[in-house]
Number of protein chains: 4
Amino acid sequence: MQNDFTLPPTKSGKSQIVFPPPWHYGVTYISAHVKFDKDSANQLLPSFLTTDGEGWIYIAEFISTSDYNWDFMYQDPELVQYMEGAIGFKVNFEGKNYLYFPFMWVDKDWALVRGWLDGYPKKIAKIAMTRLHPLLPKYNRPEPGLKLGGYVTRGGGIMFRLQVELKEKVNSVPLKDFGPFLNLRRFPSRGDSEEDLYEVASRVRDVSNYGEIWKGEAYVELGGYVNDEVNVLKLEEVYAGYFYTLYFRVTTTKLLKRITLQDLVNK
Amino acid sequence: MQNDFTLPPTKSGKSQIVFPPPWHYGVTYISAHVKFDKDSANQLLPSFLTTDGEGWIYIAEFISTSDYNWDFMYQDPELVQYMEGAIGFKVNFEGKNYLYFPFMWVDKDWALVRGWLDGYPKKIAKIAMTRLHPLLPKYNRPEPGLKLGGYVTRGGGIMFRLQVELKEKVNSVPLKDFGPFLNLRRFPSRGDSEEDLYEVASRVRDVSNYGEIWKGEAYVELGGYVNDEVNVLKLEEVYAGYFYTLYFRVTTTKLLKRITLQDLVNK
Amino acid sequence: MQNDFTLPPTKSGKSQIVFPPPWHYGVTYISAHVKFDKDSANQLLPSFLTTDGEGWIYIAEFISTSDYNWDFMYQDPELVQYMEGAIGFKVNFEGKNYLYFPFMWVDKDWALVRGWLDGYPKKIAKIAMTRLHPLLPKYNRPEPGLKLGGYVTRGGGIMFRLQVELKEKVNSVPLKDFGPFLNLRRFPSRGDSEEDLYEVASRVRDVSNYGEIWKGEAYVELGGYVNDEVNVLKLEEVYAGYFYTLYFRVTTTKLLKRITLQDLVNK
Amino acid sequence: MQNDFTLPPTKSGKSQIVFPPPWHYGVTYISAHVKFDKDSANQLLPSFLTTDGEGWIYIAEFISTSDYNWDFMYQDPELVQYMEGAIGFKVNFEGKNYLYFPFMWVDKDWALVRGWLDGYPKKIAKIAMTRLHPLLPKYNRPEPGLKLGGYVTRGGGIMFRLQVELKEKVNSVPLKDFGPFLNLRRFPSRGDSEEDLYEVASRVRDVSNYGEIWKGEAYVELGGYVNDEVNVLKLEEVYAGYFYTLYFRVTTTKLLKRITLQDLVNK
């Protein structure tokens, strides 16, 4: 295992906050397909991206590990479990569509740092979502009429609340129409001659297997506070809600473009 | 619904920290059957209980609700989900065996207060345990050789760590040999003429349904710190570990004896 | 030290979640004196209390210990530090005025249990408030124009946000006009023949020393969610804000009345 | 204000997890000057650094803000307050001495990301330390004989516990003999043609003002767990403990060397 993929570099590499890929993700999602007011959504994009306002919101529970730390599954479950919430847009970058997330919150440090390496703007928040138990008299399995929900709160603000009432099993989620992921790898210079890293990249999923997918009606309530401009967004329509599981594996990202000061000035 | 079962009493009763029973519990346990040094275990008991040191340790994930707040399942998952860890002994009270827990930690306020009402000495702690995901390439289901684990930490101390390696499916856990639950309902007087409540009770499970039960080898590491005398305990033997699910329902406790100052002085 | 003041009773008493009194409290408060709509406030009272809507809201940082655990100050600071937020009313009980808090949130288990013993309806929440540092170029000491603030969030809801802009030093806070504390000691029966404890008491402060008191303008934003009916309250006026420190010591509560089913039915 | 110093870049820049410098820090430290076994300490360094084992350990409370978000002081205190714990060594890099921290834990996301930009290997942990209150009968101000302490816990492990008994006021802490800070700015490549940023830099403090400094005896207990190799370290001597306040301001870091694969292979 590479011992200096992330800090701190030690002789063994065992103290690294993020172990090298490949990374495995077993996920359970509650999500909503929405349409934001176009102008409001564009306020939350850098100058080189635009959106027509189509959006994707989710809350999810992740079990995730590198190939190098499967043992954390029983040694320290905090190092392989996290909750995540996010708000994304279908964006246009140089003529093609992508899925870009201006907001993504998690509840573990290693998930935050791993996200930043791949260009996700993760922050730490508190995230809760419905869990089922097979032996309870109700809420024991997905079925028509079941209501699931959750929320993300950060500091003194609620980021959003999301609820979905299940209707029927379906074969896919509409994410495939958003295009590939668009990520912003960013690590600014802090002094003379230091690198000012700003790369547009696309995260690649080597493998992606969906489990059961349920579709239904969604209810979305947007919040936001002083450091999270969710309050800028205006919701125009909530198309549908989804509840599904997914496995995916990630090894690399693909560079789309290096951003320079010149690019930003020319915009 | 009774509007003053617990504080605060309001006209609607909707702000109560604990809603009235019946209460439903869907649980996933990782546990260990152990033998503590007899003298060390007796240090952690009140004068009217004794133990020969047989013990039960677990970490568990609960989905739990009152009949009156099933809607919290999707409205606020924090109000129906909690983690719990505990250390219990087979104790003798007036000639009969019971299962008594000197230590029980949870991570939600309503689980703490509900526990106190029924005589469990709950404190708030951080509790983590292995979770499986059906789509991951490993750790997707219980099977021989799978290792599960977790821990409880409170303040500046580790209360205990517990790991179990699964061997085989079995039909029962040895808890039935410990006897009924023994609980201490305690609410001390704070001034003249106030009630000094101290009752030995036994919590009743109206319904109890086990799911799959796995048995294996357990590894237990005891900790403790300045306000949790787990460090007093000496572990003599770890008999076996278990991983299982359970549903139970609770409506009442049964009074065994009212404790008075006189009882305690006579001991 | 009494070894069974609170659970769990052990031979040494060192594992008790709350050590016996006297208890010491060093507090820093940000507060607001307000007027709630009378009808809305009465919705949050039990049948034997009424209010005209005068209210008191605060966020505070506590350093607090029993005479028996001063050593926790350096051994485990989590066991002597907590944050608290609360909403109170001037209430009338049998012809006299008292200060009663239908909502009180803290962030530590021992503060919750200690509060319950004395009749405060404490729940666990996240509470944040401004802290000053004497060496910073701004926010280094209280002075006219300084803005302080904070909030309480619980689960998926914001309970309230509070901000105060300091104007001048004053000699007192208007709390003295609310009357003594009124507390509800409550520990419901859980089975036949068990005590159903419900006492109206008044917490006594043996000693009470104010430090510097600042007065100013306050801004209050009320929230609430499914288990905390703050949303029922309507704010009519915000009179003033305060920022002050206080030391007090508590040993006992004074019983005002025992509540019985008969009392409640007669109301 | 630069709107894309950190993610996410929005038109206003107000959602950035870290606002651009200058950054202000008002800090209260409890620390210990120690000597680690040389071989054990070198296990925790990258190949281009060495140490003779002299070390510095601290727990601290920070009030910190950018020039652009002083308003967060009252709007959201969580965004300007954090706790930090760290373990550092006097290291040698190309013939000169520096102070390098292989371990640094904080409890806020923005403090983590800001630290990473400047080359500190921050992780999220729970950190507690003694706080004094001027009105308490004890623990109201620093004085000879006062004991202060705290700890860092992360996941299922205790990183370290630290306690200091104050003896006398002194004029300085021994940090000045460790040399300038040495930081590792690290942002690894995640795909072909992407930047693999690895820079040795030194964080610059534009201003640094000490408040009162107390010296005394320190007690240090080292922990560590599966992702934090504190357990590798062997403590040889604890020279002294300190309790002090400090203000400093940071605007830039100074590049010392760019690390390349070739550098690492040649070592």
# chains A, B, ... in the order shown; residues from 1 in each chain; ligands from 1
call {"tool": "closest_atom_pairs", "arguments": {"of": "chain B", "to": "chain A", "cutoff": "7 Å", "atoms": "only C-alpha atoms", "output": "Markdown table"}}
result
| residue | atom | partner | partner_atom | distance |
| --- | --- | --- | --- | --- |
| B:Gly26 | CA | A:Leu136 | CA | 5.4 |
| B:Ile63 | CA | A:His133 | CA | 6.8 |
| B:Met73 | CA | A:Thr130 | CA | 5.8 |
| B:Tyr74 | CA | A:Gly149 | CA | 4.3 |
| B:Gln75 | CA | A:Gly149 | CA | 6.2 |
| B:Asp76 | CA | A:Gly150 | CA | 6.5 |
| B:Pro77 | CA | A:Thr130 | CA | 5.3 |
| B:Glu78 | CA | A:Ala128 | CA | 6.5 |
| B:Ala128 | CA | A:Pro77 | CA | 6.0 |
| B:Met129 | CA | A:Pro77 | CA | 5.6 |
| B:Thr130 | CA | A:Pro77 | CA | 5.3 |
| B:His133 | CA | A:Gly26 | CA | 5.8 |
| B:Leu135 | CA | A:Tyr247 | CA | 5.5 |
| B:Leu136 | CA | A:Gly26 | CA | 5.4 |
| B:Lys147 | CA | A:Tyr74 | CA | 6.0 |
| B:Leu148 | CA | A:Tyr74 | CA | 4.6 |
| B:Gly149 | CA | A:Tyr74 | CA | 4.3 |
| B:Gly150 | CA | A:Tyr74 | CA | 6.4 |
| B:Gln163 | CA | A:Tyr74 | CA | 6.8 |
| B:Leu246 | CA | A:Leu135 | CA | 6.9 |
| B:Tyr247 | CA | A:Leu135 | CA | 5.5 |
call {"tool": "select_by_dssp", "arguments": {"residues": "region 46-197 of chain A", "states": "strand (DSSP E or B)", "output": "PDB file with N, CA and C atoms, in the first residue's frame"}}
result
ATOM      1  N   THR A  50     -23.120  26.036 -16.433  1.00  0.00           N
ATOM      2  CA  THR A  50     -24.489  26.567 -16.453  1.00  0.00           C
ATOM      3  C   THR A  50     -25.457  25.401 -16.257  1.00  0.00           C
ATOM      4  N   THR A  51     -26.668  25.736 -15.831  1.00  0.00           N
ATOM      5  CA  THR A  51     -27.680  24.700 -15.640  1.00  0.00           C
ATOM      6  C   THR A  51     -29.037  25.217 -16.073  1.00  0.00           C
ATOM      7  N   ASP A  52     -29.903  24.297 -16.507  1.00  0.00           N
ATOM      8  CA  ASP A  52     -31.294  24.688 -16.779  1.00  0.00           C
ATOM      9  C   ASP A  52     -32.166  24.424 -15.551  1.00  0.00           C
ATOM     10  N   GLY A  53     -31.574  23.941 -14.462  1.00  0.00           N
ATOM     11  CA  GLY A  53     -32.296  23.820 -13.202  1.00  0.00           C
ATOM     12  C   GLY A  53     -32.739  22.413 -12.841  1.00  0.00           C
ATOM     13  N   GLU A  54     -32.534  21.448 -13.726  1.00  0.00           N
ATOM     14  CA  GLU A  54     -32.908  20.078 -13.366  1.00  0.00           C
ATOM     15  C   GLU A  54     -32.025  19.617 -12.211  1.00  0.00           C
ATOM     16  N   GLY A  55     -32.642  18.996 -11.201  1.00  0.00           N
ATOM     17  CA  GLY A  55     -31.861  18.697 -10.013  1.00  0.00           C
ATOM     18  C   GLY A  55     -32.091  17.318  -9.417  1.00  0.00           C
ATOM     19  N   TRP A  56     -31.199  16.943  -8.537  1.00  0.00           N
ATOM     20  CA  TRP A  56     -31.221  15.633  -7.874  1.00  0.00           C
ATOM     21  C   TRP A  56     -30.799  15.837  -6.415  1.00  0.00           C
ATOM     22  N   ILE A  57     -31.648  15.384  -5.512  1.00  0.00           N
ATOM     23  CA  ILE A  57     -31.395  15.554  -4.081  1.00  0.00           C
ATOM     24  C   ILE A  57     -31.423  14.179  -3.426  1.00  0.00           C
ATOM     25  N   TYR A  58     -30.496  13.922  -2.509  1.00  0.00           N
ATOM     26  CA  TYR A  58     -30.576  12.628  -1.826  1.00  0.00           C
ATOM     27  C   TYR A  58     -30.003  12.672  -0.412  1.00  0.00           C
ATOM     28  N   ILE A  59     -30.439  11.680   0.328  1.00  0.00           N
ATOM     29  CA  ILE A  59     -29.863  11.323   1.621  1.00  0.00           C
ATOM     30  C   ILE A  59     -29.509   9.851   1.507  1.00  0.00           C
ATOM     31  N   ALA A  60     -28.349   9.461   2.024  1.00  0.00           N
ATOM     32  CA  ALA A  60     -27.930   8.077   1.841  1.00  0.00           C
ATOM     33  C   ALA A  60     -27.078   7.585   2.990  1.00  0.00           C
ATOM     34  N   GLU A  61     -27.133   6.273   3.188  1.00  0.00           N
ATOM     35  CA  GLU A  61     -26.270   5.606   4.158  1.00  0.00           C
ATOM     36  C   GLU A  61     -25.236   4.793   3.385  1.00  0.00           C
ATOM     37  N   PHE A  62     -23.962   5.008   3.693  1.00  0.00           N
ATOM     38  CA  PHE A  62     -22.871   4.334   2.994  1.00  0.00           C
ATOM     39  C   PHE A  62     -22.124   3.373   3.919  1.00  0.00           C
ATOM     40  N   ILE A  63     -21.821   2.188   3.400  1.00  0.00           N
ATOM     41  CA  ILE A  63     -20.797   1.326   3.991  1.00  0.00           C
ATOM     42  C   ILE A  63     -19.699   1.320   2.953  1.00  0.00           C
ATOM     43  N   SER A  64     -18.502   1.774   3.290  1.00  0.00           N
ATOM     44  CA  SER A  64     -17.499   2.000   2.253  1.00  0.00           C
ATOM     45  C   SER A  64     -16.104   1.779   2.794  1.00  0.00           C
ATOM     46  N   THR A  65     -15.283   1.149   1.984  1.00  0.00           N
ATOM     47  CA  THR A  65     -13.931   0.846   2.428  1.00  0.00           C
ATOM     48  C   THR A  65     -12.981   0.797   1.238  1.00  0.00           C
ATOM     49  N   SER A  66     -11.712   0.994   1.520  1.00  0.00           N
ATOM     50  CA  SER A  66     -10.667   0.737   0.534  1.00  0.00           C
ATOM     51  C   SER A  66     -10.360  -0.754   0.553  1.00  0.00           C
ATOM     52  N   GLN A  81     -18.357   3.546   7.856  1.00  0.00           N
ATOM     53  CA  GLN A  81     -19.787   3.889   7.761  1.00  0.00           C
ATOM     54  C   GLN A  81     -19.937   5.398   7.714  1.00  0.00           C
ATOM     55  N   TYR A  82     -20.760   5.902   6.823  1.00  0.00           N
ATOM     56  CA  TYR A  82     -21.076   7.322   6.897  1.00  0.00           C
ATOM     57  C   TYR A  82     -22.431   7.603   6.279  1.00  0.00           C
ATOM     58  N   MET A  83     -22.974   8.755   6.651  1.00  0.00           N
ATOM     59  CA  MET A  83     -24.207   9.246   6.087  1.00  0.00           C
ATOM     60  C   MET A  83     -23.859  10.379   5.134  1.00  0.00           C
ATOM     61  N   GLU A  84     -24.658  10.538   4.091  1.00  0.00           N
ATOM     62  CA  GLU A  84     -24.380  11.601   3.114  1.00  0.00           C
ATOM     63  C   GLU A  84     -25.677  12.224   2.635  1.00  0.00           C
ATOM     64  N   GLY A  85     -25.664  13.525   2.427  1.00  0.00           N
ATOM     65  CA  GLY A  85     -26.781  14.234   1.807  1.00  0.00           C
ATOM     66  C   GLY A  85     -26.212  15.138   0.740  1.00  0.00           C
ATOM     67  N   ALA A  86     -26.967  15.382  -0.351  1.00  0.00           N
ATOM     68  CA  ALA A  86     -26.405  16.192  -1.434  1.00  0.00           C
ATOM     69  C   ALA A  86     -27.504  16.821  -2.278  1.00  0.00           C
ATOM     70  N   ILE A  87     -27.134  17.921  -2.933  1.00  0.00           N
ATOM     71  CA  ILE A  87     -28.007  18.592  -3.893  1.00  0.00           C
ATOM     72  C   ILE A  87     -27.202  18.786  -5.169  1.00  0.00           C
ATOM     73  N   GLY A  88     -27.711  18.239  -6.276  1.00  0.00           N
ATOM     74  CA  GLY A  88     -26.974  18.313  -7.538  1.00  0.00           C
ATOM     75  C   GLY A  88     -27.801  18.900  -8.663  1.00  0.00           C
ATOM     76  N   PHE A  89     -27.103  19.359  -9.715  1.00  0.00           N
ATOM     77  CA  PHE A  89     -27.755  19.902 -10.909  1.00  0.00           C
ATOM     78  C   PHE A  89     -27.240  19.182 -12.150  1.00  0.00           C
ATOM     79  N   LYS A  90     -28.080  19.118 -13.173  1.00  0.00           N
ATOM     80  CA  LYS A  90     -27.591  18.779 -14.500  1.00  0.00           C
ATOM     81  C   LYS A  90     -26.944  20.057 -15.031  1.00  0.00           C
ATOM     82  N   VAL A  91     -25.636  20.002 -15.287  1.00  0.00           N
ATOM     83  CA  VAL A  91     -24.943  21.213 -15.746  1.00  0.00           C
ATOM     84  C   VAL A  91     -24.384  21.015 -17.141  1.00  0.00           C
ATOM     85  N   ASN A  92     -24.099  22.141 -17.789  1.00  0.00           N
ATOM     86  CA  ASN A  92     -23.456  22.114 -19.093  1.00  0.00           C
ATOM     87  C   ASN A  92     -22.042  22.654 -18.958  1.00  0.00           C
ATOM     88  N   PHE A  93     -21.081  21.839 -19.415  1.00  0.00           N
ATOM     89  CA  PHE A  93     -19.677  22.259 -19.413  1.00  0.00           C
ATOM     90  C   PHE A  93     -19.117  22.045 -20.807  1.00  0.00           C
ATOM     91  N   LYS A  96     -21.372  19.823 -23.135  1.00  0.00           N
ATOM     92  CA  LYS A  96     -21.879  18.495 -22.750  1.00  0.00           C
ATOM     93  C   LYS A  96     -22.555  18.556 -21.387  1.00  0.00           C
ATOM     94  N   ASN A  97     -23.450  17.624 -21.137  1.00  0.00           N
ATOM     95  CA  ASN A  97     -24.142  17.559 -19.853  1.00  0.00           C
ATOM     96  C   ASN A  97     -23.391  16.709 -18.836  1.00  0.00           C
ATOM     97  N   TYR A  98     -23.463  17.165 -17.593  1.00  0.00           N
ATOM     98  CA  TYR A  98     -22.845  16.442 -16.483  1.00  0.00           C
ATOM     99  C   TYR A  98     -23.732  16.574 -15.250  1.00  0.00           C
ATOM    100  N   LEU A  99     -23.449  15.745 -14.254  1.00  0.00           N
ATOM    101  CA  LEU A  99     -24.101  15.863 -12.942  1.00  0.00           C
ATOM    102  C   LEU A  99     -23.094  16.479 -11.977  1.00  0.00           C
ATOM    103  N   TYR A 100     -23.438  17.669 -11.478  1.00  0.00           N
ATOM    104  CA  TYR A 100     -22.527  18.408 -10.586  1.00  0.00           C
ATOM    105  C   TYR A 100     -23.223  18.707  -9.261  1.00  0.00           C
ATOM    106  N   PHE A 101     -22.515  18.498  -8.167  1.00  0.00           N
ATOM    107  CA  PHE A 101     -23.082  18.728  -6.829  1.00  0.00           C
ATOM    108  C   PHE A 101     -22.449  19.939  -6.155  1.00  0.00           C
ATOM    109  N   PRO A 102     -23.155  21.078  -6.093  1.00  0.00           N
ATOM    110  CA  PRO A 102     -22.603  22.211  -5.346  1.00  0.00           C
ATOM    111  C   PRO A 102     -22.633  21.977  -3.836  1.00  0.00           C
ATOM    112  N   PHE A 103     -23.510  21.073  -3.399  1.00  0.00           N
ATOM    113  CA  PHE A 103     -23.611  20.790  -1.961  1.00  0.00           C
ATOM    114  C   PHE A 103     -23.546  19.291  -1.707  1.00  0.00           C
ATOM    115  N   MET A 104     -22.651  18.902  -0.823  1.00  0.00           N
ATOM    116  CA  MET A 104     -22.577  17.511  -0.397  1.00  0.00           C
ATOM    117  C   MET A 104     -22.082  17.484   1.050  1.00  0.00           C
ATOM    118  N   TRP A 105     -22.892  16.855   1.907  1.00  0.00           N
ATOM    119  CA  TRP A 105     -22.551  16.798   3.330  1.00  0.00           C
ATOM    120  C   TRP A 105     -22.368  15.344   3.754  1.00  0.00           C
ATOM    121  N   VAL A 106     -21.377  15.101   4.598  1.00  0.00           N
ATOM    122  CA  VAL A 106     -21.158  13.767   5.160  1.00  0.00           C
ATOM    123  C   VAL A 106     -20.935  13.917   6.658  1.00  0.00           C
ATOM    124  N   LYS A 122     -17.406  18.465  -0.008  1.00  0.00           N
ATOM    125  CA  LYS A 122     -18.031  17.919   1.184  1.00  0.00           C
ATOM    126  C   LYS A 122     -17.790  18.772   2.424  1.00  0.00           C
ATOM    127  N   LYS A 123     -18.821  18.857   3.241  1.00  0.00           N
ATOM    128  CA  LYS A 123     -18.752  19.459   4.565  1.00  0.00           C
ATOM    129  C   LYS A 123     -19.310  18.435   5.549  1.00  0.00           C
ATOM    130  N   ILE A 124     -19.015  18.649   6.835  1.00  0.00           N
ATOM    131  CA  ILE A 124     -19.553  17.761   7.871  1.00  0.00           C
ATOM    132  C   ILE A 124     -20.912  18.283   8.331  1.00  0.00           C
ATOM    133  N   LYS A 126     -24.970  16.801  10.247  1.00  0.00           N
ATOM    134  CA  LYS A 126     -25.694  15.685  10.849  1.00  0.00           C
ATOM    135  C   LYS A 126     -26.750  15.246   9.854  1.00  0.00           C
ATOM    136  N   ILE A 127     -26.792  13.955   9.565  1.00  0.00           N
ATOM    137  CA  ILE A 127     -27.681  13.433   8.536  1.00  0.00           C
ATOM    138  C   ILE A 127     -28.422  12.242   9.111  1.00  0.00           C
ATOM    139  N   ALA A 128     -29.738  12.233   8.958  1.00  0.00           N
ATOM    140  CA  ALA A 128     -30.537  11.124   9.485  1.00  0.00           C
ATOM    141  C   ALA A 128     -31.469  10.628   8.388  1.00  0.00           C
ATOM    142  N   MET A 129     -31.734   9.332   8.363  1.00  0.00           N
ATOM    143  CA  MET A 129     -32.728   8.798   7.424  1.00  0.00           C
ATOM    144  C   MET A 129     -33.368   7.549   8.004  1.00  0.00           C
ATOM    145  N   LYS A 147     -43.692   5.315   3.959  1.00  0.00           N
ATOM    146  CA  LYS A 147     -43.076   6.640   3.917  1.00  0.00           C
ATOM    147  C   LYS A 147     -41.691   6.576   4.550  1.00  0.00           C
ATOM    148  N   LEU A 148     -40.706   7.101   3.807  1.00  0.00           N
ATOM    149  CA  LEU A 148     -39.332   7.165   4.292  1.00  0.00           C
ATOM    150  C   LEU A 148     -38.890   8.615   4.251  1.00  0.00           C
ATOM    151  N   GLY A 149     -37.935   8.986   5.080  1.00  0.00           N
ATOM    152  CA  GLY A 149     -37.501  10.373   5.045  1.00  0.00           C
ATOM    153  C   GLY A 149     -36.224  10.605   5.798  1.00  0.00           C
ATOM    154  N   GLY A 150     -35.819  11.855   5.795  1.00  0.00           N
ATOM    155  CA  GLY A 150     -34.616  12.227   6.504  1.00  0.00           C
ATOM    156  C   GLY A 150     -34.305  13.690   6.321  1.00  0.00           C
ATOM    157  N   TYR A 151     -33.121  14.075   6.787  1.00  0.00           N
ATOM    158  CA  TYR A 151     -32.735  15.485   6.712  1.00  0.00           C
ATOM    159  C   TYR A 151     -31.237  15.640   6.893  1.00  0.00           C
ATOM    160  N   VAL A 152     -30.788  16.840   6.570  1.00  0.00           N
ATOM    161  CA  VAL A 152     -29.405  17.246   6.801  1.00  0.00           C
ATOM    162  C   VAL A 152     -29.447  18.544   7.595  1.00  0.00           C
ATOM    163  N   THR A 153     -28.738  18.598   8.734  1.00  0.00           N
ATOM    164  CA  THR A 153     -28.596  19.869   9.451  1.00  0.00           C
ATOM    165  C   THR A 153     -27.104  20.145   9.607  1.00  0.00           C
ATOM    166  N   ARG A 154     -26.734  21.412   9.496  1.00  0.00           N
ATOM    167  CA  ARG A 154     -25.317  21.800   9.699  1.00  0.00           C
ATOM    168  C   ARG A 154     -25.287  23.079  10.519  1.00  0.00           C
ATOM    169  N   GLY A 157     -28.343  25.578  11.042  1.00  0.00           N
ATOM    170  CA  GLY A 157     -29.316  25.554   9.956  1.00  0.00           C
ATOM    171  C   GLY A 157     -29.736  24.163   9.531  1.00  0.00           C
ATOM    172  N   ILE A 158     -30.950  24.080   9.013  1.00  0.00           N
ATOM    173  CA  ILE A 158     -31.410  22.853   8.362  1.00  0.00           C
ATOM    174  C   ILE A 158     -31.082  23.020   6.891  1.00  0.00           C
ATOM    175  N   MET A 159     -30.379  22.065   6.312  1.00  0.00           N
ATOM    176  CA  MET A 159     -30.030  22.171   4.902  1.00  0.00           C
ATOM    177  C   MET A 159     -31.241  21.784   4.054  1.00  0.00           C
ATOM    178  N   PHE A 160     -31.814  20.619   4.334  1.00  0.00           N
ATOM    179  CA  PHE A 160     -33.069  20.239   3.690  1.00  0.00           C
ATOM    180  C   PHE A 160     -33.677  19.059   4.415  1.00  0.00           C
ATOM    181  N   ARG A 161     -34.997  18.896   4.208  1.00  0.00           N
ATOM    182  CA  ARG A 161     -35.697  17.698   4.662  1.00  0.00           C
ATOM    183  C   ARG A 161     -36.289  17.049   3.429  1.00  0.00           C
ATOM    184  N   LEU A 162     -36.331  15.723   3.414  1.00  0.00           N
ATOM    185  CA  LEU A 162     -36.794  14.971   2.248  1.00  0.00           C
ATOM    186  C   LEU A 162     -37.626  13.792   2.721  1.00  0.00           C
ATOM    187  N   GLN A 163     -38.811  13.611   2.120  1.00  0.00           N
ATOM    188  CA  GLN A 163     -39.644  12.450   2.437  1.00  0.00           C
ATOM    189  C   GLN A 163     -40.162  11.842   1.139  1.00  0.00           C
ATOM    190  N   VAL A 164     -40.247  10.527   1.104  1.00  0.00           N
ATOM    191  CA  VAL A 164     -40.730   9.826  -0.098  1.00  0.00           C
ATOM    192  C   VAL A 164     -41.777   8.798   0.318  1.00  0.00           C
ATOM    193  N   GLU A 165     -42.926   8.797  -0.361  1.00  0.00           N
ATOM    194  CA  GLU A 165     -43.928   7.745  -0.149  1.00  0.00           C
ATOM    195  C   GLU A 165     -43.860   6.789  -1.330  1.00  0.00           C
ATOM    196  N   LEU A 166     -43.548   5.518  -1.056  1.00  0.00           N
ATOM    197  CA  LEU A 166     -43.319   4.534  -2.119  1.00  0.00           C
ATOM    198  C   LEU A 166     -44.607   4.177  -2.859  1.00  0.00           C
ATOM    199  N   LYS A 167     -44.491   3.992  -4.191  1.00  0.00           N
ATOM    200  CA  LYS A 167     -45.639   3.590  -5.004  1.00  0.00           C
ATOM    201  C   LYS A 167     -45.413   2.246  -5.687  1.00  0.00           C
ATOM    202  N   GLU A 168     -44.265   2.086  -6.326  1.00  0.00           N
ATOM    203  CA  GLU A 168     -44.046   0.891  -7.150  1.00  0.00           C
ATOM    204  C   GLU A 168     -42.572   0.659  -7.423  1.00  0.00           C
ATOM    205  N   LYS A 169     -42.253  -0.601  -7.753  1.00  0.00           N
ATOM    206  CA  LYS A 169     -40.889  -0.916  -8.150  1.00  0.00           C
ATOM    207  C   LYS A 169     -40.679  -0.483  -9.600  1.00  0.00           C
ATOM    208  N   VAL A 170     -39.505   0.050  -9.881  1.00  0.00           N
ATOM    209  CA  VAL A 170     -39.169   0.451 -11.252  1.00  0.00           C
ATOM    210  C   VAL A 170     -37.787  -0.086 -11.600  1.00  0.00           C
ATOM    211  N   PHE A 181     -20.426  12.357 -13.999  1.00  0.00           N
ATOM    212  CA  PHE A 181     -20.141  13.275 -12.891  1.00  0.00           C
ATOM    213  C   PHE A 181     -19.181  14.374 -13.341  1.00  0.00           C
ATOM    214  N   ASN A 183     -16.622  16.991 -11.414  1.00  0.00           N
ATOM    215  CA  ASN A 183     -16.047  17.280 -10.113  1.00  0.00           C
ATOM    216  C   ASN A 183     -14.987  18.370 -10.208  1.00  0.00           C
ATOM    217  N   LEU A 184     -14.806  19.104  -9.136  1.00  0.00           N
ATOM    218  CA  LEU A 184     -13.818  20.182  -9.106  1.00  0.00           C
ATOM    219  C   LEU A 184     -12.748  19.876  -8.074  1.00  0.00           C
ATOM    220  N   ARG A 185     -11.612  19.404  -8.557  1.00  0.00           N
ATOM    221  CA  ARG A 185     -10.469  19.168  -7.665  1.00  0.00           C
ATOM    222  C   ARG A 185      -9.812  20.516  -7.386  1.00  0.00           C
ATOM    223  N   ARG A 186      -9.796  20.921  -6.130  1.00  0.00           N
ATOM    224  CA  ARG A 186      -9.346  22.275  -5.792  1.00  0.00           C
ATOM    225  C   ARG A 186      -8.452  22.235  -4.578  1.00  0.00           C
ATOM    226  N   PHE A 187      -7.252  22.780  -4.701  1.00  0.00           N
ATOM    227  CA  PHE A 187      -6.323  22.891  -3.583  1.00  0.00           C
ATOM    228  C   PHE A 187      -5.529  24.166  -3.830  1.00  0.00           C
ATOM    229  N   LEU A 197      -3.959  24.393  -7.418  1.00  0.00           N
ATOM    230  CA  LEU A 197      -4.596  23.302  -8.152  1.00  0.00           C
ATOM    231  C   LEU A 197      -6.095  23.546  -8.336  1.00  0.00           C
TER     232      LEU A 197
END
call {"tool": "closest_residue", "arguments": {"among": "C:Arg141, C:Leu44, C:Leu222, C:Ser208", "to": "Lys176 (chain C)", "atoms": "only C-alpha atoms"}}
result
C:Ser208
call {"tool": "closest_residue", "arguments": {"among": "A:Trp116, A:Ser189, A:Pro174, A:Asp4", "to": "Thr260 (chain D)", "atoms": "only C-alpha atoms"}}
result
A:Asp4
call {"tool": "residues_around", "arguments": {"residues": "Ile17 (chain C)", "least_positions_apart": "2", "cutoff": "8 Å", "atoms": "only C-alpha atoms", "output": "list in words"}}
result
Lys123 and Asn227 of chain B; Thr6, Leu7, Pro8, Ser15, Phe19, Asp109, Trp110 and Val113 of chain C
